[in-house]
file entry-v1.cif (mmCIF, C-alpha atoms and all ligand atoms)
data_run
#
loop_
_atom_site.group_PDB
_atom_site.id
_atom_site.type_symbol
_atom_site.label_atom_id
_atom_site.label_comp_id
_atom_site.auth_asym_id
_atom_site.auth_seq_id
_atom_site.Cartn_x
_atom_site.Cartn_y
_atom_site.Cartn_z
ATOM 1 C CA MET O 1 -5.474 -25.437 -56.174
ATOM 2 C CA ASN O 2 -2.883 -24.503 -58.752
ATOM 3 C CA THR O 3 -3.602 -20.801 -59.316
ATOM 4 C CA GLU O 4 -0.746 -20.507 -61.813
ATOM 5 C CA ASN O 5 -2.071 -23.217 -64.055
ATOM 6 C CA PRO O 6 -5.879 -23.530 -64.010
ATOM 7 C CA THR O 7 -5.722 -26.070 -66.852
ATOM 8 C CA LEU O 8 -3.724 -28.379 -64.613
ATOM 9 C CA ASP O 9 -6.407 -28.056 -61.935
ATOM 10 C CA VAL O 10 -9.097 -29.033 -64.427
ATOM 11 C CA LEU O 11 -7.061 -32.028 -65.605
ATOM 12 C CA GLN O 12 -6.347 -33.152 -62.034
ATOM 13 C CA SER O 13 -9.992 -32.811 -61.115
ATOM 14 C CA ALA O 14 -11.014 -34.837 -64.188
ATOM 15 C CA GLN O 15 -8.488 -37.524 -63.240
ATOM 16 C CA THR O 16 -9.894 -37.650 -59.710
ATOM 17 C CA ASP O 17 -13.407 -38.057 -61.101
ATOM 18 C CA LEU O 18 -12.214 -40.840 -63.396
ATOM 19 C CA ASN O 19 -10.655 -42.631 -60.420
ATOM 20 C CA ARG O 20 -13.894 -42.349 -58.446
ATOM 21 C CA PHE O 21 -15.973 -43.832 -61.237
ATOM 22 C CA GLU O 22 -13.377 -46.515 -61.885
ATOM 23 C CA CYS O 23 -13.494 -47.403 -58.213
ATOM 24 C CA VAL O 24 -17.280 -47.927 -58.396
ATOM 25 C CA ARG O 25 -16.902 -49.903 -61.611
ATOM 26 C CA GLN O 26 -14.481 -52.241 -59.831
ATOM 27 C CA ILE O 27 -16.803 -52.627 -56.835
ATOM 28 C CA VAL O 28 -19.693 -53.594 -59.098
ATOM 29 C CA ALA O 29 -17.459 -55.994 -61.039
ATOM 30 C CA ARG O 30 -16.352 -57.625 -57.786
ATOM 31 C CA GLN O 31 -19.827 -57.816 -56.228
ATOM 32 C CA GLY O 32 -21.524 -58.826 -59.464
ATOM 33 C CA ASN O 33 -23.685 -56.512 -61.548
ATOM 34 C CA SER O 34 -26.982 -57.904 -60.297
ATOM 35 C CA PRO O 35 -29.536 -55.544 -58.714
ATOM 36 C CA SER O 36 -29.678 -58.019 -55.796
ATOM 37 C CA ARG O 37 -26.122 -56.891 -54.907
ATOM 38 C CA LEU O 38 -27.167 -53.270 -54.509
ATOM 39 C CA ILE O 39 -26.864 -53.110 -50.699
ATOM 40 C CA PRO O 40 -23.332 -54.596 -50.478
ATOM 41 C CA ILE O 41 -22.296 -52.335 -53.354
ATOM 42 C CA LEU O 42 -23.611 -49.247 -51.550
ATOM 43 C CA ARG O 43 -21.925 -50.433 -48.360
ATOM 44 C CA GLU O 44 -18.561 -50.663 -50.149
ATOM 45 C CA ILE O 45 -18.964 -47.281 -51.813
ATOM 46 C CA GLN O 46 -19.764 -45.714 -48.446
ATOM 47 C CA SER O 47 -16.832 -47.391 -46.721
ATOM 48 C CA ILE O 48 -14.461 -45.866 -49.274
ATOM 49 C CA PHE O 49 -15.965 -42.393 -49.685
ATOM 50 C CA HIS O 50 -17.489 -42.151 -46.159
ATOM 51 C CA TYR O 51 -20.863 -41.315 -47.730
ATOM 52 C CA LEU O 52 -22.812 -41.953 -50.929
ATOM 53 C CA PRO O 53 -22.062 -39.212 -53.477
ATOM 54 C CA GLU O 54 -24.972 -38.525 -55.818
ATOM 55 C CA ASP O 55 -22.990 -38.943 -59.048
ATOM 56 C CA LEU O 56 -21.659 -42.327 -57.920
ATOM 57 C CA LEU O 57 -25.150 -43.533 -57.015
ATOM 58 C CA GLU O 58 -26.293 -42.683 -60.521
ATOM 59 C CA PHE O 59 -23.282 -44.417 -61.991
ATOM 60 C CA ALA O 60 -23.993 -47.542 -59.907
ATOM 61 C CA ALA O 61 -27.605 -47.464 -61.145
ATOM 62 C CA HIS O 62 -26.306 -47.265 -64.705
ATOM 63 C CA LEU O 63 -23.972 -50.238 -64.196
ATOM 64 C CA LEU O 64 -26.725 -52.300 -62.554
ATOM 65 C CA GLN O 65 -29.190 -51.211 -65.230
ATOM 66 C CA ILE O 66 -31.794 -50.125 -62.721
ATOM 67 C CA PRO O 67 -33.517 -46.741 -62.306
ATOM 68 C CA PRO O 68 -31.568 -44.254 -60.146
ATOM 69 C CA ALA O 69 -34.754 -43.827 -58.078
ATOM 70 C CA ARG O 70 -34.429 -47.419 -56.914
ATOM 71 C CA VAL O 71 -30.846 -46.807 -55.761
ATOM 72 C CA TYR O 72 -31.892 -43.600 -53.965
ATOM 73 C CA GLY O 73 -34.809 -45.467 -52.401
ATOM 74 C CA VAL O 74 -32.447 -47.999 -50.806
ATOM 75 C CA ALA O 75 -29.841 -45.366 -49.885
ATOM 76 C CA THR O 76 -32.415 -43.257 -48.045
ATOM 77 C CA PHE O 77 -34.310 -46.169 -46.451
ATOM 78 C CA TYR O 78 -31.433 -47.479 -44.355
ATOM 79 C CA THR O 79 -30.163 -45.108 -41.674
ATOM 80 C CA HIS O 80 -26.722 -46.709 -42.022
ATOM 81 C CA PHE O 81 -26.317 -44.989 -45.390
ATOM 82 C CA SER O 82 -25.538 -41.298 -45.618
ATOM 83 C CA LEU O 83 -25.985 -38.959 -48.556
ATOM 84 C CA GLU O 84 -24.022 -36.284 -46.707
ATOM 85 C CA PRO O 85 -20.202 -36.252 -46.465
ATOM 86 C CA LYS O 86 -18.930 -37.460 -43.092
ATOM 87 C CA GLY O 87 -15.731 -36.773 -41.192
ATOM 88 C CA ARG O 88 -12.754 -39.111 -41.083
ATOM 89 C CA HIS O 89 -13.898 -40.182 -37.617
ATOM 90 C CA VAL O 90 -17.527 -40.851 -36.800
ATOM 91 C CA ILE O 91 -18.747 -40.649 -33.207
ATOM 92 C CA HIS O 92 -22.143 -42.092 -32.317
ATOM 93 C CA VAL O 93 -23.483 -41.110 -28.906
ATOM 94 C CA CYS O 94 -26.222 -43.325 -27.552
ATOM 95 C CA ASP O 95 -29.193 -41.309 -26.384
ATOM 96 C CA GLY O 96 -31.425 -44.247 -25.544
ATOM 97 C CA THR O 97 -33.240 -44.287 -22.216
ATOM 98 C CA ALA O 98 -30.485 -45.868 -20.072
ATOM 99 C CA CYS O 99 -27.782 -43.609 -21.524
ATOM 100 C CA HIS O 100 -30.010 -40.558 -21.300
ATOM 101 C CA VAL O 101 -30.616 -41.240 -17.592
ATOM 102 C CA LYS O 102 -26.819 -41.494 -17.154
ATOM 103 C CA ARG O 103 -26.398 -38.024 -18.676
ATOM 104 C CA SER O 104 -25.533 -38.737 -22.306
ATOM 105 C CA GLU O 105 -26.535 -35.128 -22.966
ATOM 106 C CA ALA O 106 -23.503 -33.971 -20.989
ATOM 107 C CA LEU O 107 -21.270 -36.097 -23.258
ATOM 108 C CA ILE O 108 -22.844 -34.583 -26.338
ATOM 109 C CA HIS O 109 -22.442 -31.075 -24.970
ATOM 110 C CA ALA O 110 -18.769 -31.621 -24.037
ATOM 111 C CA MET O 111 -17.863 -33.134 -27.397
ATOM 112 C CA ARG O 112 -19.741 -30.543 -29.418
ATOM 113 C CA LYS O 113 -17.867 -27.872 -27.493
ATOM 114 C CA ARG O 114 -14.504 -29.606 -28.005
ATOM 115 C CA LEU O 115 -15.179 -29.973 -31.722
ATOM 116 C CA ASN O 116 -16.469 -26.402 -32.108
ATOM 117 C CA LEU O 117 -19.687 -27.592 -33.678
ATOM 118 C CA LYS O 118 -22.268 -24.883 -34.288
ATOM 119 C CA PRO O 119 -25.968 -25.565 -33.558
ATOM 120 C CA GLY O 120 -27.235 -28.131 -36.062
ATOM 121 C CA GLN O 121 -23.733 -28.875 -37.369
ATOM 122 C CA LYS O 122 -22.740 -32.560 -37.284
ATOM 123 C CA THR O 123 -19.393 -32.520 -39.083
ATOM 124 C CA THR O 124 -16.417 -30.327 -38.218
ATOM 125 C CA ASP O 125 -15.296 -27.782 -40.794
ATOM 126 C CA ASP O 126 -12.033 -29.686 -41.342
ATOM 127 C CA MET O 127 -13.948 -32.950 -41.954
ATOM 128 C CA ALA O 128 -12.110 -34.620 -39.058
ATOM 129 C CA PHE O 129 -15.168 -35.649 -36.998
ATOM 130 C CA THR O 130 -18.855 -36.316 -37.408
ATOM 131 C CA LEU O 131 -20.913 -36.474 -34.216
ATOM 132 C CA GLU O 132 -24.335 -38.124 -34.289
ATOM 133 C CA THR O 133 -26.786 -39.453 -31.738
ATOM 134 C CA VAL O 134 -28.338 -42.903 -32.003
ATOM 135 C CA SER O 135 -30.893 -44.880 -30.059
ATOM 136 C CA CYS O 136 -30.032 -47.829 -27.805
ATOM 137 C CA LEU O 137 -26.839 -49.619 -28.825
ATOM 138 C CA GLY O 138 -27.693 -52.697 -26.776
ATOM 139 C CA ALA O 139 -25.074 -52.138 -24.071
ATOM 140 C CA CYS O 140 -27.263 -50.400 -21.495
ATOM 141 C CA GLY O 141 -25.358 -51.940 -18.557
ATOM 142 C CA LEU O 142 -22.373 -49.834 -19.616
ATOM 143 C CA ALA O 143 -24.291 -46.574 -20.047
ATOM 144 C CA PRO O 144 -23.502 -43.989 -21.110
ATOM 145 C CA VAL O 145 -22.034 -45.480 -24.277
ATOM 146 C CA ILE O 146 -20.433 -43.944 -27.363
ATOM 147 C CA VAL O 147 -19.092 -45.657 -30.491
ATOM 148 C CA VAL O 148 -16.075 -44.164 -32.240
ATOM 149 C CA ASP O 149 -15.202 -45.470 -35.696
ATOM 150 C CA GLY O 150 -17.091 -48.653 -34.873
ATOM 151 C CA THR O 151 -15.422 -49.216 -31.489
ATOM 152 C CA PRO O 152 -17.721 -49.010 -28.451
ATOM 153 C CA HIS O 153 -16.676 -47.181 -25.273
ATOM 154 C CA GLY O 154 -18.706 -47.601 -22.086
ATOM 155 C CA MET O 155 -19.225 -45.676 -18.836
ATOM 156 C CA MET O 156 -18.050 -42.486 -20.469
ATOM 157 C CA THR O 157 -17.821 -39.081 -18.806
ATOM 158 C CA PRO O 158 -17.609 -35.695 -20.524
ATOM 159 C CA GLU O 159 -13.916 -35.637 -19.590
ATOM 160 C CA SER O 160 -13.145 -39.110 -20.972
ATOM 161 C CA CYS O 161 -14.960 -38.226 -24.217
ATOM 162 C CA VAL O 162 -12.824 -35.125 -24.684
ATOM 163 C CA GLU O 163 -9.685 -37.101 -23.818
ATOM 164 C CA LEU O 164 -10.620 -39.669 -26.433
ATOM 165 C CA ILE O 165 -11.015 -37.001 -29.093
ATOM 166 C CA ASP O 166 -7.677 -35.477 -28.114
ATOM 167 C CA ARG O 167 -6.005 -38.870 -28.291
ATOM 168 C CA ILE O 168 -7.421 -39.543 -31.743
ATOM 169 C CA LEU O 169 -6.129 -36.185 -32.958
ATOM 170 C CA GLU O 170 -2.744 -36.819 -31.393
ATOM 171 C CA GLU O 171 -2.427 -40.272 -32.936
ATOM 172 C CA GLU O 172 -3.504 -38.905 -36.304
ATOM 173 C CA GLN O 173 -0.820 -36.237 -36.157
ATOM 174 C CA THR O 174 1.810 -38.807 -35.176
ATOM 175 C CA GLU O 175 0.833 -41.081 -38.045
ATOM 176 C CA SER O 176 0.554 -38.305 -40.584
ATOM 177 C CA PRO O 177 2.037 -34.967 -39.432
ATOM 178 C CA ALA O 178 1.021 -33.277 -42.677
ATOM 179 C CA GLN O 179 -2.621 -34.071 -42.221
ATOM 180 C CA ALA O 180 -3.432 -32.260 -38.938
ATOM 181 C CA GLU O 181 -5.550 -35.050 -37.367
ATOM 182 C CA PRO O 182 -6.456 -38.989 -36.825
ATOM 183 C CA ALA O 183 -6.031 -42.307 -34.907
ATOM 184 C CA HIS O 184 -8.083 -45.156 -33.633
ATOM 185 C CA ALA O 185 -9.625 -45.540 -30.257
ATOM 186 C CA THR O 186 -8.443 -48.378 -28.105
ATOM 187 C CA ASP O 187 -10.786 -48.247 -25.102
ATOM 188 C CA ASN O 188 -12.977 -51.189 -25.814
ATOM 189 C CA ILE O 189 -15.854 -51.834 -23.512
HETATM 190 S S1 LIG U 201 -29.663 -46.951 -23.963
HETATM 191 FE FE1 LIG U 201 -27.594 -46.665 -24.517
HETATM 192 S S2 LIG U 201 -26.871 -48.666 -24.833
HETATM 193 FE FE2 LIG U 201 -28.954 -48.942 -24.345
#

call {"tool": "encode", "arguments": {"input": "entry-v1.cif", "output": "C-alpha cells", "more": "lines below"}}
Ligand code: FES
result
Amino acid sequence: MNTENPTLDVLQSAQTDLNRFECVRQIVARQGNSPSRLIPILREIQSIFHYLPEDLLEFAAHLLQIPPARVYGVATFYTHFSLEPKGRHVIHVCDGTACHVKRSEALIHAMRKRLNLKPGQKTTDDMAFTLETVSCLGACGLAPVIVVDGTPHGMMTPESCVELIDRILEEEQTESPAQAEPAHATDNI
C-alpha cells in the first residue's frame, strides 16, 4: 500500500479490478458465450484465481446472459469448485478407509502442525498452502496417499509429508527469492 499517495492506491486497485474482469471476458470469448460452456469457463477462472471470486461469477453470468443464481448453483454443486480463496499450493490428504487404516490422520496432524494451521483453518495466513481432506483417490494400494498441486504421492509418512512441504518452500524461494515460498513436487507414485 502506498501510504504517501492514497490516490495511487485507488488507481492501482481499479486497474487490478479491470484486469480481472478483462481476464474473464477473454475466457468467455475463447470458450464461447453459450451457457453450455459454463463449467469450462468456471474451471478456467478457478485455475487462474485459485478460487471463484463472487464478483467474477456475477460478471460471467452477465456475459453469458444467465441469472447469477444459475452460476452459483453450478459453482456450489461441484466440490471441485471453491468459493473461498486457496493457497498457492493445495494439498489433498486422502481419508478414505484404506488411507485411514494406514494412519492418514497422523499425516494430517503433522502437516497441520508444520503449516501452523489453527483448528478449522484450511489455508495458511500467508496463502502459501491449503490443506484439505478428500475421500478415496482410487490408489488404495499405495495408502496413505496425498495429492499436492495435482501430483499424487503414495505410502507417505508424517516425516515425508513435512519434508515435501519443506522442499516446496525451498524450491519456491529458489525460484523467486522475493516471494518467500513455492515449488512443485516431484515424488510421483
Ligand atoms: S482410501 Fe485413500 S486412495 Fe483409496

call {"tool": "closest_atom_pairs", "arguments": {"input": "entry-v1.cif", "of": "chain O", "to": "ligand LIG 201 (chain U)", "cutoff": "12 Å", "atoms": "all atoms listed in the file", "output": "Markdown table"}}
result
| residue | atom | partner | partner_atom | distance |
| --- | --- | --- | --- | --- |
| O:His92 | CA | U:LIG201 | FE1 | 10.6 |
| O:Val93 | CA | U:LIG201 | FE1 | 8.2 |
| O:Cys94 | CA | U:LIG201 | FE1 | 4.7 |
| O:Asp95 | CA | U:LIG201 | FE1 | 5.9 |
| O:Gly96 | CA | U:LIG201 | S1 | 3.6 |
| O:Thr97 | CA | U:LIG201 | S1 | 4.8 |
| O:Ala98 | CA | U:LIG201 | S1 | 4.1 |
| O:Cys99 | CA | U:LIG201 | FE1 | 4.3 |
| O:His100 | CA | U:LIG201 | S1 | 6.9 |
| O:Val101 | CA | U:LIG201 | S1 | 8.6 |
| O:Lys102 | CA | U:LIG201 | FE1 | 9.0 |
| O:Arg103 | CA | U:LIG201 | FE1 | 10.5 |
| O:Ser104 | CA | U:LIG201 | FE1 | 8.5 |
| O:Glu105 | CA | U:LIG201 | FE1 | 11.7 |
| O:Thr133 | CA | U:LIG201 | FE1 | 10.2 |
| O:Val134 | CA | U:LIG201 | FE1 | 8.4 |
| O:Ser135 | CA | U:LIG201 | S1 | 6.6 |
| O:Cys136 | CA | U:LIG201 | FE2 | 3.8 |
| O:Leu137 | CA | U:LIG201 | S2 | 4.1 |
| O:Gly138 | CA | U:LIG201 | S2 | 4.5 |
| O:Ala139 | CA | U:LIG201 | S2 | 4.0 |
| O:Cys140 | CA | U:LIG201 | FE2 | 3.6 |
| O:Gly141 | CA | U:LIG201 | S2 | 7.2 |
| O:Leu142 | CA | U:LIG201 | S2 | 7.0 |
| O:Ala143 | CA | U:LIG201 | FE1 | 5.6 |
| O:Pro144 | CA | U:LIG201 | FE1 | 6.0 |
| O:Val145 | CA | U:LIG201 | FE1 | 5.7 |
| O:Ile146 | CA | U:LIG201 | FE1 | 8.2 |
| O:Val147 | CA | U:LIG201 | S2 | 10.1 |
| O:Pro152 | CA | U:LIG201 | S2 | 9.8 |
| O:His153 | CA | U:LIG201 | S2 | 10.3 |
| O:Gly154 | CA | U:LIG201 | S2 | 8.7 |
| O:Met155 | CA | U:LIG201 | FE1 | 10.2 |
| O:Met156 | CA | U:LIG201 | FE1 | 11.2 |
| O:Ile189 | CA | U:LIG201 | S2 | 11.5 |

call {"tool": "atom_distance", "arguments": {"input": "entry-v1.cif", "atom1": "atom CA of O:Thr130", "atom2": "atom CA of O:Ile108"}}
result
11.9 Å

call {"tool": "residues_around", "arguments": {"input": "entry-v1.cif", "residues": "stretch 57-73 of chain O", "least_positions_apart": "5", "cutoff": "8 Å", "atoms": "all atoms listed in the file", "output": "ChimeraX atom specification"}}
result
/O:21,24-25,28,33-35,38,52

call {"tool": "closest_residue", "arguments": {"input": "entry-v1.cif", "among": "O:Ile27, O:Ile91, O:Thr124, O:Met111", "to": "O:Gly150", "atoms": "all atoms listed in the file"}}
result
O:Ile91

call {"tool": "atom_distance", "arguments": {"input": "entry-v1.cif", "atom1": "atom CA of O:Phe77", "atom2": "atom CA of O:Pro119"}}
result
25.7 Å

call {"tool": "closest_residue", "arguments": {"input": "entry-v1.cif", "among": "O:Glu171, O:Glu44, O:Asp149, O:Asp55", "to": "O:Gln31", "atoms": "all atoms listed in the file"}}
result
O:Glu44

call {"tool": "atom_distance", "arguments": {"input": "entry-v1.cif", "atom1": "atom CA of O:Ala110", "atom2": "atom CA of O:Pro158"}}
result
5.5 Å

call {"tool": "axis_aligned_box", "arguments": {"input": "entry-v1.cif", "around": "stretch 160-174 of chain O", "padding_each_side": "8 Å", "output": "JSON"}}
result
{"center_x": -6.6, "center_y": -37.7, "center_z": -28.6, "size_x": 32.8, "size_y": 21.1, "size_z": 31.3}

call {"tool": "closest_residue", "arguments": {"input": "entry-v1.cif", "among": "O:Met127, O:Ile39, O:Ala29, O:Leu169", "to": "O:Phe81", "atoms": "all atoms listed in the file"}}
result
O:Ile39

call {"tool": "closest_residue", "arguments": {"input": "entry-v1.cif", "among": "O:Ile41, O:Leu56, O:Leu107, O:Val148", "to": "O:Gly87", "atoms": "all atoms listed in the file"}}
result
O:Val148

call {"tool": "residues_around", "arguments": {"input": "entry-v1.cif", "residues": "O:Asp125", "least_positions_apart": "4", "cutoff": "12 Å", "atoms": "only C-alpha atoms", "output": "PyMOL selection string"}}
result
chain O and resi 85-88+115-118+121+129-130

call {"tool": "closest_residue", "arguments": {"input": "entry-v1.cif", "among": "O:Phe49, O:Leu42, O:Arg20, O:Ala128", "to": "O:Tyr78", "atoms": "all atoms listed in the file"}}
result
O:Leu42

call {"tool": "build_atoms", "arguments": {"input": "entry-v1.cif", "residues": "stretch 111-133 of chain O", "atoms": "N, CA and C atoms", "output": "short mmCIF file (atom, residue, chain, number, x, y, z; two decimals), keeping the file's coordinate frame"}}
result
data_model
loop_
_atom_site.label_atom_id
_atom_site.label_comp_id
_atom_site.auth_asym_id
_atom_site.auth_seq_id
_atom_site.Cartn_x
_atom_site.Cartn_y
_atom_site.Cartn_z
N MET O 111 -18.53 -32.84 -26.12
CA MET O 111 -17.86 -33.13 -27.40
C MET O 111 -18.17 -32.07 -28.45
N ARG O 112 -19.40 -31.60 -28.45
CA ARG O 112 -19.74 -30.54 -29.42
C ARG O 112 -18.89 -29.30 -29.15
N LYS O 113 -18.69 -29.04 -27.86
CA LYS O 113 -17.87 -27.87 -27.49
C LYS O 113 -16.42 -28.11 -27.93
N ARG O 114 -15.89 -29.31 -27.65
CA ARG O 114 -14.50 -29.61 -28.00
C ARG O 114 -14.29 -29.52 -29.52
N LEU O 115 -15.30 -29.94 -30.26
CA LEU O 115 -15.18 -29.97 -31.72
C LEU O 115 -15.61 -28.67 -32.39
N ASN O 116 -16.01 -27.70 -31.57
CA ASN O 116 -16.47 -26.40 -32.11
C ASN O 116 -17.61 -26.56 -33.11
N LEU O 117 -18.54 -27.40 -32.78
CA LEU O 117 -19.69 -27.59 -33.68
C LEU O 117 -20.75 -26.54 -33.39
N LYS O 118 -21.22 -25.89 -34.46
CA LYS O 118 -22.27 -24.88 -34.29
C LYS O 118 -23.61 -25.60 -34.16
N PRO O 119 -24.65 -24.92 -33.68
CA PRO O 119 -25.97 -25.56 -33.56
C PRO O 119 -26.40 -26.19 -34.89
N GLY O 120 -26.77 -27.44 -34.86
CA GLY O 120 -27.24 -28.13 -36.06
C GLY O 120 -26.12 -28.74 -36.89
N GLN O 121 -24.87 -28.36 -36.59
CA GLN O 121 -23.73 -28.88 -37.37
C GLN O 121 -23.30 -30.24 -36.82
N LYS O 122 -23.13 -31.21 -37.71
CA LYS O 122 -22.74 -32.56 -37.28
C LYS O 122 -21.28 -32.86 -37.59
N THR O 123 -20.76 -32.23 -38.64
CA THR O 123 -19.39 -32.52 -39.08
C THR O 123 -18.52 -31.28 -38.95
N THR O 124 -17.32 -31.47 -38.40
CA THR O 124 -16.42 -30.33 -38.22
C THR O 124 -16.01 -29.73 -39.56
N ASP O 125 -15.64 -28.47 -39.55
CA ASP O 125 -15.30 -27.78 -40.79
C ASP O 125 -14.12 -28.45 -41.50
N ASP O 126 -13.21 -29.05 -40.72
CA ASP O 126 -12.03 -29.69 -41.34
C ASP O 126 -12.29 -31.15 -41.72
N MET O 127 -13.55 -31.58 -41.59
CA MET O 127 -13.95 -32.95 -41.95
C MET O 127 -13.22 -34.02 -41.11
N ALA O 128 -12.79 -33.64 -39.91
CA ALA O 128 -12.11 -34.62 -39.06
C ALA O 128 -13.12 -35.50 -38.33
N PHE O 129 -14.21 -34.89 -37.81
CA PHE O 129 -15.17 -35.65 -37.00
C PHE O 129 -16.61 -35.39 -37.42
N THR O 130 -17.40 -36.46 -37.31
CA THR O 130 -18.86 -36.32 -37.41
C THR O 130 -19.43 -36.84 -36.09
N LEU O 131 -20.31 -36.08 -35.50
CA LEU O 131 -20.91 -36.47 -34.22
C LEU O 131 -22.42 -36.65 -34.43
N GLU O 132 -22.91 -37.84 -34.11
CA GLU O 132 -24.34 -38.12 -34.29
C GLU O 132 -24.88 -38.84 -33.06
N THR O 133 -26.16 -38.69 -32.82
CA THR O 133 -26.79 -39.45 -31.74
C THR O 133 -27.54 -40.63 -32.34
#
